[in-house]
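For reference, the structure is listed below as structure tokens.
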Amino acid sequence: MSPAPDDGERALERARALLRPDELRASARTDAGYLDLLRDEGSPRPTAAQHAMNNRLVAAVYERAWRPVWTAVMGANGLSAGGERAKAAADLGLGGEQRVLDVACGPGNFTRYFGERLAGEGIAVGFDISRHMLDQAVRTGRGPHAAYVRGDARRLPFDDGTFDAVCCYAALYLVPEPMTVVDEMVRVLAPGGRIAVMTSYGREHPLLRSALGLAAGTLGVRMYDRATLPDAFAAAGLVDVAQQIRGVTQFVNARRP
Ligand SMILES: C[S@@+](CC[C@H](N)C(=O)[O-])C[C@H]1O[C@@H](n2cnc3c(N)ncnc32)[C@H](O)[C@@H]1O
């Protein structure tokens, strides 16, 4: 008799059930503990920032060292890592049996927290392109309500309206074609569902603009102005668009009517 699947495997099965049927056929691979929808290494010409995110050492130290330092550099004044997670969960209205998508989840530092806020059939799906990040997520971020999928956020493998909540923190400034990613996140959001993003902010700041532009361009990191993301959400038909700016960080959330 084969052993009963553990909580993590059951969560993975629930994540698998959310994939579009055509994606399901292509995704036989779960041997690493996550569903791998990609056969290659991801971006063919990665920037320095993307390289860093697909590095085993960075993945291992990301949550404890890399992210806190980056948060301090970004000047998200007063918000600790825990504070950021709590803000995301509150802005998304998380709880109960919701389906939650954490786009560009890295080592699962938010996905795990989201999963802990769910119950019953609720599931938080962490989605990322980096094998090293997802290996780390499987080591430290699995649970009865958290599972992981490897793919490219420019083409999310889910039907329209699949998720009650969609999150994307600390990634829109480094993913290629970020507005395609935004369109995809809105597409998979269900009516009544909430979306929350955190990304860079700097374009209106006169002193920071040139220095940040230079550093950002070298690293392959994008700086956003105040209007781009709220405007994109409003243009996509989302309502209750709210923005909070802290240092060179912006948090934007909205709801699908
Ligand atoms: C800085 S980490 C953010 C992790 C986490 N969300 C947080 O707030 O700490 C950015 C993540 O974006 C992922 N990423 C970059 N391009 C991607 C793409 N096209 N599709 C999915 N994930 C991508 C990287 O692999 C990396 O794990």
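We label chains A, B, ... in the order they appear in the structure tokens, count residues from 1 in each chain, and number ligands from 1 in the order shown.
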
Check: Which polymer residues have any atom within 12 Å of an atom of Gly93 in chain A, counting only C-alpha atoms, with same-chain residues fewer than 2 positions away left out, as a PyMOL selection string?
Finding: chain A and resi 86-91+95-100+114+117-118+164-167+192-196+253-255

Margin query: Let's see if you can do this: from backbone DSSP, list all alpha helix (DSSP H) residues in range 154-243 of chain A, as a ChimeraX atom specification.
Written below: /A:178-187,206-219,228-235

Margin query: Just list as a ChimeraX atom specification whatever in range 72-224 of chain A DSSP marks as strand (DSSP E or B).
Written below: /A:96,99-103,118,123-128,143,146-150,158,163-169,189-200

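Remark: for Arg14 in chain A, the closest of the candidate residues A:Pro178, A:Gly106, A:Leu35, A:Arg154 is A:Leu35 (distances computed over only C-alpha atoms).
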
Next item on the list: For Glu177 in chain A, please output as a ChimeraX atom specification all residues within 12 Å (counting only C-alpha atoms; exclusion window: fewer than 3 positions along the same chain).
Entry: /A:43,152-155,171-174,180-184,222

Write the residues you've just listed into a file as a JSON list (two decimals), in the first residue's frame, and include N, CA and C atoms for each of them.
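Contents of result.json, as written:
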```json
[["chain", "number", "residue", "atom", "x", "y", "z"],
["A", 43, "SER", "N", 14.82, 33.31, -18.57],
["A", 43, "SER", "CA", 15.21, 34.40, -19.46],
["A", 43, "SER", "C", 16.53, 34.09, -20.17],
["A", 152, "ASP", "N", 6.77, 31.30, -16.10],
["A", 152, "ASP", "CA", 7.08, 32.69, -16.44],
["A", 152, "ASP", "C", 5.83, 33.53, -16.23],
["A", 153, "ALA", "N", 5.94, 34.55, -15.40],
["A", 153, "ALA", "CA", 4.77, 35.36, -15.04],
["A", 153, "ALA", "C", 4.21, 36.14, -16.22],
["A", 154, "ARG", "N", 4.96, 36.21, -17.32],
["A", 154, "ARG", "CA", 4.41, 36.88, -18.50],
["A", 154, "ARG", "C", 3.30, 36.06, -19.14],
["A", 155, "ARG", "N", 3.20, 34.81, -18.71],
["A", 155, "ARG", "CA", 2.14, 33.95, -19.26],
["A", 155, "ARG", "C", 1.69, 33.03, -18.14],
["A", 171, "ALA", "N", 9.10, 42.60, -7.31],
["A", 171, "ALA", "CA", 9.45, 41.91, -8.55],
["A", 171, "ALA", "C", 9.16, 42.71, -9.81],
["A", 172, "LEU", "N", 8.18, 43.60, -9.80],
["A", 172, "LEU", "CA", 7.84, 44.29, -11.06],
["A", 172, "LEU", "C", 9.01, 45.15, -11.53],
["A", 173, "TYR", "N", 9.95, 45.48, -10.65],
["A", 173, "TYR", "CA", 11.09, 46.29, -11.09],
["A", 173, "TYR", "C", 12.18, 45.45, -11.75],
["A", 174, "LEU", "N", 12.05, 44.13, -11.71],
["A", 174, "LEU", "CA", 13.09, 43.34, -12.37],
["A", 174, "LEU", "C", 12.59, 42.34, -13.41],
["A", 180, "THR", "N", 3.00, 43.41, -19.04],
["A", 180, "THR", "CA", 2.37, 42.15, -19.44],
["A", 180, "THR", "C", 2.06, 41.32, -18.19],
["A", 181, "VAL", "N", 2.99, 41.33, -17.24],
["A", 181, "VAL", "CA", 2.77, 40.61, -15.98],
["A", 181, "VAL", "C", 1.56, 41.20, -15.24],
["A", 182, "VAL", "N", 1.47, 42.53, -15.22],
["A", 182, "VAL", "CA", 0.31, 43.18, -14.57],
["A", 182, "VAL", "C", -0.99, 42.73, -15.26],
["A", 183, "ASP", "N", -1.00, 42.74, -16.59],
["A", 183, "ASP", "CA", -2.21, 42.31, -17.32],
["A", 183, "ASP", "C", -2.58, 40.87, -16.95],
["A", 184, "GLU", "N", -1.58, 40.03, -16.86],
["A", 184, "GLU", "CA", -1.83, 38.63, -16.52],
["A", 184, "GLU", "C", -2.39, 38.49, -15.10],
["A", 222, "ARG", "N", 14.12, 48.56, -12.67],
["A", 222, "ARG", "CA", 13.29, 49.63, -13.22],
["A", 222, "ARG", "C", 12.75, 50.52, -12.10]]
```

Margin query: List the spatial neighbours of range 224-232 of chain A as a list in words - criterion: any atom at most 9 Å away, only C-alpha atoms, same-chain residues fewer than 2 positions off excluded.
Written below: Tyr173, Met179, Val182, Asp183, Val197, Thr199, Ser200, Tyr201, Gly202, Arg203, Glu204, Arg222, Ala234, Ala235, Ala236, Gly237, Leu238, Val241, Ala242, Gln243, Ile245, Gln250, Val252, Asn253 and Ala254 of chain A

Next item on the list: Show which residues sit within 9 Å of Glu9 in chain A, as a PyMOL selection string. Count only C-alpha atoms, and ignore same-chain residues fewer than 3 positions away.
Entry: chain A and resi 5-6+12-14+33+143-144+147

For the selection you just gave me, I'd like the residues written to a file as a CSV table (one decimal), in the first residue's frame, keeping C-alpha atoms.
```
chain,number,residue,atom,x,y,z
A,5,PRO,CA,0.3,12.0,0.8
A,6,ASP,CA,1.5,14.5,3.4
A,12,LEU,CA,0.6,20.6,-4.5
A,13,GLU,CA,-2.3,18.6,-5.8
A,14,ARG,CA,-4.7,21.5,-5.1
A,33,GLY,CA,8.6,19.3,-4.8
A,143,GLY,CA,2.5,23.5,4.3
A,144,PRO,CA,-1.1,22.4,4.2
A,147,ALA,CA,2.5,25.1,-2.8
```

Margin query: Given only C-alpha atoms as the basis, pick out the residue of A:Ile123, A:Leu101, A:Val58, A:Met198 nearest to Met223 in chain A.
Written below: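 Answer, going by the shortest atom-to-atom distance: A:Met198.
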
Notebook entry, point to check: Which of these residues is nearest to ligand 1, using only C-alpha atoms and all ligand atoms: A:Pro176, A:Gly122, A:Pro157, A:Gly141?
Noted result: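 Checking each candidate against ligand 1, we get A:Pro176 as the closest.
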